[in-house]
Every structure is written in structure tokens, then in C-alpha cells.
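Worksheet: the structure to be examined is printed underneath.
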Amino acid sequence: GEWRRARGFAPDDLVYFSPRSYTQPYYNIDIVIAAASRVAAAEPRARFLFSGYEGDPTPFAAMVDGAGLGGRAVVAGRLPHAEFATALQACDAFISVPSVDATAVSLLEAMATGRAVIVSRLASAREWVQEGVSGLVVPPRDVEALAAAMLALAASGELRSRLGTGAL
């Protein structure tokens, strides 16, 4: 609770967390921001946390503002490892939707905290995430599918809980 409050998130906000490198376009932060904009228009509780472990967050902060997410999103730089774990525990859903990737350690960490996860349909993610059992799976670079998955999690605390439990 304290970590959320310190970043401007209220207890009843639904916080989506997307941590990726700010330097690699294949992590699809632009797609996550576009989907977040659609989700924000439909779900008043939706809030977003973006953190990057490398690169300058300034262009992404401008993209967030341009998408109408000002005041509903936090664009952070690198989170220290101990704070990253706290951020995972403080969020309601974790998003990792790259176009290419090996197994993301952050995905495994999110699953270990029992967070609901949304991942892209890559073999490396599907190795760990079974659709509807331990997370939701979307095609890479598909704004509509990602927004739909995010809204499904917003609509059902039971789904978030079930997927989080399935990920443990």
C-alpha cells in the first residue's frame, strides 16, 4: 500500500506494470501505451506503471502524455532490484508483450509473486504461461488483443486471482 501511495496510486486503482528496456523497439512499449489508452477510456480505475532498465524514459513519457494518460501513468527509470520486487507485489497485472525475446526473468518474477500476467504469443513465454490457466496470451503488436486482455483482467478480480494462483 505504501509503495502504491508514494507513486500516486490509490488502493482501489487497478495497476498494470510493464517493465522493459527503453532502447529496444521490439519490446513494444508503444503497443502497451496504445492499449493502455484504450483501457483508460473504458476503465476508470486503470493506472499504469512503466519502468525501463536501460535508456532514456523521456520519449516514452511524452508518448504516454500524447496518449492521454497523464495523471494515470508513472514512467519510471530503472527500479533497483529490491524495489522491482515491491513494484511487482504492488501491481495488479504484469504485461510483457515483446515481438522477440528469450525467457524474461521479470515474467518469472511476476509469476512467482502471483500476479496475473499478459504475455505475447512467443515460444519463450508459452513455455511458462498457459492461456487462461496461468496468464493471458496475445499476439505481438496487436493493440486490440492486448487492450481486450487488459479489460478482461479489469472486469474480474476472480480472473486476476485465478491466473495469479495458476502462475505459482
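Please note that chains go A, B, ... in the order of the C-alpha cells, that every chain numbers its residues from 1, and that ligands are numbered from 1 in the order shown.
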
Selection: 9 Å around Ala73 (chain A), only C-alpha atoms, excl. self and same-chain fewer than 5 positions, as a list in words
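Answer for this query is Arg47, Phe48, Leu49, Phe50, Ala61, Val64 and Asp65 of chain A.
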
For Ala167 (chain A), list every protein, DNA or RNA residue within 10 Å, evaluated using only C-alpha atoms, and leave out those in the same chain fewer than 3 positions away; present the list as an MDAnalysis selection string.
chainID A and resid 108 110:117 128:130 133:135 161:164

Would you mind listing what lies within 12 Å of Ala34 (chain A) as a list in words, with only C-alpha atoms counted and same-chain residues fewer than 2 positions away left out?
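Using only C-alpha atoms, the neighbours found are Asn28, Ile29, Asp30, Ile31, Val32, Ala36, Ser37, Arg38, Val39, Ala40, Ala41, Phe48, Phe60, Met63, Val64, Asp65, Gly66, Ala67, Gly68, Leu69, Arg141, Asp142, Val143, Glu144, Ala145, Leu146, Ala147 and Met150 of chain A.
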
One-decimal distance in Å that lies between CA of Gly52 (chain A) and CA of Leu88 (chain A):
13.9 Å

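One distance worth recording is that between CA of Ala93 (chain A) and CA of Leu153 (chain A), which is 7.7 Å.
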
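Taking only C-alpha atoms into account, Tyr53 (chain A) lies nearest to A:Arg20 out of the set A:Arg160, A:Arg20, A:Arg121, A:Arg5.
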
Could you jot down the CA of Ala46 (chain A) to CA of Asp12 (chain A) separation for me, Å, one decimal place?
9.4 Å

Of the candidates A:Tyr27, A:Ser51, A:Ala82, A:Gly77, which shows the shortest atom-to-atom distance to Ala102 (chain A), using only C-alpha atoms?
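Checking each candidate against Ala102 (chain A), we get A:Tyr27 as the closest.
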
Determine which residues of region 58-154 of chain A receive a DSSP assignment of helix (DSSP H, G or I), computed from the backbone, and state them as a ChimeraX atom specification.
/A:58-66,81-90,105-112,123-126,143-154

Strand (DSSP E or B) per DSSP on the backbone: members of chain A, as a VMD selection string
chain A and resid 14 to 19 46 to 51 73 to 76 93 to 96 116 to 120 131 135 to 138
